[in-house]
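Novice: Just work.cif, nothing more (mmCIF, C-alpha atoms):
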```cif
data_work
loop_
_atom_site.label_atom_id
_atom_site.label_comp_id
_atom_site.auth_asym_id
_atom_site.auth_seq_id
_atom_site.Cartn_x
_atom_site.Cartn_y
_atom_site.Cartn_z
CA MET A 1 78.56 101.42 78.54
CA GLN A 2 78.36 101.60 82.35
CA SER A 3 75.51 103.86 83.45
CA SER A 4 76.66 104.35 87.05
CA LEU A 5 79.92 104.05 88.98
CA GLY A 6 80.23 102.55 92.45
CA PHE A 7 81.12 104.67 95.46
CA PHE A 8 84.84 103.85 95.54
CA SER A 9 85.18 104.34 91.78
CA ARG A 10 83.57 107.77 92.20
CA LEU A 11 85.83 108.53 95.18
CA TRP A 12 88.96 107.68 93.19
CA LEU A 13 87.71 109.71 90.21
CA ALA A 14 87.00 112.68 92.48
CA PHE A 15 90.59 112.52 93.74
CA VAL A 16 92.32 112.09 90.35
CA LEU A 17 90.14 114.13 87.99
CA PRO A 18 91.00 117.65 89.24
CA TRP A 19 94.70 117.05 88.52
CA VAL A 20 94.08 115.57 85.10
CA VAL A 21 91.75 118.46 84.20
CA LEU A 22 94.29 121.00 85.45
CA PHE A 23 97.20 119.65 83.40
CA ASN A 24 95.52 118.12 80.32
CA GLY A 25 93.51 120.41 78.08
CA ARG A 26 92.01 117.60 76.00
CA THR A 27 90.62 115.84 79.07
CA ALA A 28 89.39 119.17 80.45
CA ALA A 29 87.46 119.70 77.20
CA ARG A 30 85.88 116.23 77.52
CA VAL A 31 84.87 116.91 81.12
CA GLN A 32 83.38 120.27 80.14
CA ARG A 33 81.35 118.65 77.32
CA ALA A 34 80.18 115.88 79.68
CA ARG A 35 79.19 118.49 82.26
CA LEU A 36 77.17 120.35 79.64
CA GLY A 37 75.69 117.14 78.23
CA VAL A 38 77.34 117.56 74.81
CA ASP A 39 78.26 114.31 73.04
CA ALA A 40 80.68 115.74 70.43
CA PRO A 41 84.00 113.83 70.31
CA VAL A 42 87.37 115.52 70.72
CA ALA A 43 89.20 116.17 67.47
CA PRO A 44 91.99 113.55 67.37
CA ASN A 45 94.76 116.06 66.68
CA THR A 46 93.70 118.64 69.23
CA PRO A 47 96.83 119.46 71.27
CA ALA A 48 96.61 119.28 75.03
CA THR A 49 96.84 122.62 76.81
CA GLU A 50 100.45 123.34 77.72
CA THR A 51 101.29 124.07 81.31
CA SER A 52 103.75 126.78 82.29
CA LEU A 53 105.52 124.19 84.39
CA SER A 54 107.36 121.95 81.94
CA ALA A 55 108.36 119.47 84.66
CA VAL A 56 104.74 118.42 85.29
CA LYS A 57 103.19 116.05 82.77
CA ILE A 58 100.00 114.02 83.04
CA ILE A 59 99.79 111.23 80.49
CA GLU A 60 96.50 109.57 79.68
CA ALA A 61 96.89 105.83 80.04
CA ALA A 62 95.92 103.70 77.07
CA PRO A 63 94.36 100.30 77.71
CA VAL A 64 97.01 97.58 77.87
CA ALA A 65 96.39 93.94 77.07
CA ALA A 66 97.26 91.49 79.82
CA THR A 67 100.70 90.26 78.78
CA PRO A 68 103.31 88.09 80.49
CA ASP A 69 105.14 91.36 81.34
CA ALA A 70 102.15 92.29 83.49
CA SER A 71 102.28 89.00 85.42
CA PRO A 72 103.65 90.52 88.66
CA ALA A 73 100.88 93.14 88.71
CA MET A 74 98.25 90.49 88.05
CA GLN A 75 99.82 88.25 90.69
CA LEU A 76 99.68 91.07 93.26
CA LEU A 77 96.02 91.67 92.39
CA SER A 78 95.40 87.96 92.87
CA ILE A 79 97.06 88.03 96.31
CA MET A 80 95.03 91.09 97.34
CA GLN A 81 91.86 89.32 96.19
CA ARG A 82 92.73 86.11 98.01
CA GLU A 83 93.67 87.80 101.30
CA GLY A 84 91.29 90.77 101.35
CA ARG A 85 88.64 90.19 98.65
CA PHE A 86 89.95 93.44 97.09
CA ILE A 87 88.54 92.93 93.58
CA ASP A 88 85.16 91.76 94.93
CA PHE A 89 84.98 94.90 97.06
CA LEU A 90 85.84 97.24 94.17
CA GLN A 91 83.42 95.52 91.80
CA GLU A 92 80.56 95.76 94.31
CA ASP A 93 78.09 98.61 93.85
CA VAL A 94 78.03 99.94 97.40
CA GLY A 95 75.80 102.91 96.56
CA SER A 96 72.78 101.28 98.21
CA PHE A 97 74.71 100.22 101.34
CA SER A 98 74.69 102.23 104.55
CA ASP A 99 77.88 103.96 105.69
CA ALA A 100 78.12 101.41 108.51
CA GLN A 101 77.92 98.49 106.05
CA VAL A 102 80.59 100.04 103.80
CA GLY A 103 82.77 100.78 106.81
CA ALA A 104 82.48 97.22 108.11
CA ALA A 105 83.35 95.78 104.68
CA ALA A 106 86.22 98.25 104.24
CA ARG A 107 87.66 97.25 107.61
CA VAL A 108 87.82 93.57 106.55
CA VAL A 109 89.25 94.38 103.10
CA HIS A 110 91.78 96.78 104.63
CA ALA A 111 93.05 94.22 107.15
CA GLY A 112 93.45 91.47 104.54
CA CYS A 113 95.06 93.67 101.91
CA LYS A 114 97.40 95.31 104.41
CA ARG A 115 98.54 91.88 105.60
CA ALA A 116 99.04 90.67 102.00
CA LEU A 117 100.99 93.78 101.04
CA ALA A 118 103.23 93.49 104.11
CA ASP A 119 103.98 89.84 103.25
CA TYR A 120 105.26 90.60 99.73
CA VAL A 121 106.08 94.29 99.35
CA THR A 122 108.28 96.63 101.40
CA LEU A 123 107.24 100.27 101.02
CA GLU A 124 109.15 103.36 102.03
CA PRO A 125 108.49 107.10 101.80
CA VAL A 126 109.63 108.95 98.68
CA ARG A 127 110.71 111.87 100.87
CA ARG A 128 112.16 111.47 104.37
CA GLU A 129 111.13 114.86 105.81
CA PRO A 130 108.13 114.84 108.15
CA GLU A 131 104.84 115.98 106.66
CA GLY A 132 104.50 119.73 107.17
CA ALA A 133 108.26 120.33 106.74
CA ALA A 134 109.50 123.17 104.51
CA VAL A 135 110.83 121.84 101.18
CA VAL A 136 112.84 123.52 98.40
CA LEU A 137 112.69 121.96 94.91
CA ASP A 138 115.54 123.09 92.71
CA ARG A 139 115.56 123.22 88.91
CA GLY A 140 115.60 119.70 87.49
CA PHE A 141 113.68 118.08 90.35
CA ASP A 142 112.06 114.77 89.41
CA ALA A 143 108.36 115.45 88.75
CA GLY A 144 107.73 111.71 88.83
CA ARG A 145 108.83 111.60 92.47
CA THR A 146 107.41 114.94 93.65
CA ARG A 147 104.09 116.39 92.47
CA LEU A 148 103.42 120.09 92.87
CA THR A 149 100.01 121.21 94.12
CA GLY A 150 98.48 124.54 95.03
CA ASN A 151 99.50 127.79 93.35
CA VAL A 152 102.12 126.53 90.86
CA MET A 153 103.63 129.47 88.97
CA GLY A 154 107.00 130.46 87.64
CA GLU A 155 110.20 128.44 87.49
CA PRO A 156 112.17 126.51 90.13
CA PRO A 157 113.38 126.72 92.78
CA PHE A 158 109.97 126.14 94.38
CA LYS A 159 109.48 126.58 98.12
CA GLY A 160 106.59 124.79 99.75
CA LYS A 161 105.35 122.49 102.50
CA LEU A 162 105.42 118.69 102.29
CA THR A 163 101.78 117.57 102.47
CA HIS A 164 102.40 113.87 101.73
CA HIS A 165 105.71 112.01 101.79
CA GLY A 166 104.72 109.69 98.91
CA TRP A 167 105.34 105.95 98.67
CA GLN A 168 107.80 103.88 96.70
CA VAL A 169 108.52 100.16 96.54
CA ALA A 170 111.78 99.20 98.27
CA THR A 171 111.44 95.47 97.64
CA ILE A 172 108.89 93.13 96.16
CA LYS A 173 109.15 89.38 96.57
CA LEU A 174 106.29 87.51 94.93
CA PRO A 175 105.96 83.74 95.07
CA THR A 176 107.05 81.74 92.02
CA LEU A 177 104.09 80.86 89.82
CA ALA A 178 103.39 77.21 89.11
CA ASN A 179 104.03 75.99 85.55
CA GLY A 180 100.93 76.41 83.43
CA HIS A 181 99.36 78.97 85.76
CA ASP A 182 97.45 81.65 83.83
CA PRO A 183 98.36 84.97 85.53
CA LYS A 184 95.30 86.64 83.97
CA VAL A 185 93.07 84.62 86.31
CA ILE A 186 93.01 86.90 89.35
CA ALA A 187 90.56 84.66 91.22
CA PRO A 188 89.27 81.35 89.90
CA ALA A 189 85.54 80.75 89.69
CA GLU A 190 84.25 78.75 92.63
CA VAL A 191 81.79 75.88 92.34
CA GLU A 192 80.39 74.37 95.51
CA LEU A 193 79.45 70.69 95.32
#
```
Let me see the file written as structure tokens.
Specialist:
Amino acid sequence: MQSSLGFFSRLWLAFVLPWVVLFNGRTAARVQRARLGVDAPVAPNTPATETSLSAVKIIEAAPVAATPDASPAMQLLSIMQREGRFIDFLQEDVGSFSDAQVGAAARVVHAGCKRALADYVTLEPVRREPEGAAVVLDRGFDAGRTRLTGNVMGEPPFKGKLTHHGWQVATIKLPTLANGHDPKVIAPAEVEL
């Protein structure tokens, strides 16, 4: 079991965890027990706390084996590693590094990964309104495309302000893999002679 998480793992967890805790009672119970230092497991049939907003669902992801269906995702990870050393950066424990060192490394990783992404993936906003624009979400809105934040109560229509336009993939054009290539190898080991 990992005893400590790196800075960027903690940053991501700090961003995601409040939403998972808010909309998933089982995960909230685990977090509460961890916070209190209690090691008791969750009962397997304990139902998750229901939210009054039926359109919002947070699903805990189960581990998935690397299969041929996941090849494009693994290929994209490989490209991000090759161009920006993305995996190396995320696997590094940067807790002992100064902010300046982390910033310098992040700048290099950012430039390489941004270039790689631009070469193979076209992104576009989920919503076209400018951030800060007034938005009305009618009954039946797609919760997978628009996430509600803030004081979520009652039933649609919801009136709010667009705080982030979201991102979606417009096109993705990955190179054809060579015959015999193992897509699970994100970056081959390197041996200097």
Novice: What would the selection look like, as a list of chain:residue names, if the PyMOL selection byres ((chain A and resi 164) around 10) were run on the coordinates I just shared?
Specialist: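 Selected by the PyMOL selection byres ((chain A and resi 164) around 10) in this file: A:Pro125, A:Val126, A:Arg127, A:Glu129, A:Pro130, A:Glu131, A:Gly132, A:Thr146, A:Arg147, A:Lys161, A:Leu162, A:Thr163, A:His165, A:Gly166, A:Trp167.
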Novice: Just want the 6 Å neighbourhood of stretch 78-93 of chain A, counted on only C-alpha atoms, with same-chain residues fewer than 6 positions away dropped. Output as a VMD selection string.
Specialist: chain A and resid 6 109 112 to 113 186
Novice: Using all atoms listed in the file, determine which residues lie at most 9 Å from A:Leu76, disregarding the query and same-chain residues fewer than 5 positions distant; provide the list as a PyMOL selection string.
Specialist: chain A and resi 71+81+116-117+120+174+186
Novice: With 7 Å as the threshold, what does the neighbourhood of (115.3, 126.1, 84.2) contain in terms of residues, counting all atoms listed in the file? Coordinates are those of the file; answer as number ranges by chain.
Specialist: A: 139, 155-156
Novice: Would you mind exporting C-alpha atoms of the selected residues as a compact mmCIF listing (two decimals), in the coordinates of the input?
Specialist:
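Saved result, part15.txt, follows:
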```
# COMPACT_ATOMS: atom_id res chain seq x y z
CA ARG A 139 115.56 123.22 88.91
CA GLU A 155 110.20 128.44 87.49
CA PRO A 156 112.17 126.51 90.13
```
Novice: Got a sec to resolve the PyMOL selection byres ((chain A and resi 169) around 10) on this structure and send the residues as number ranges by chain?
Specialist: A: 121-126, 167-168, 170-172
Novice: Work out how far atom CA of A:Val136 is from atom CA of A:Pro157, in Å to one decimal.
Specialist: 6.5 Å
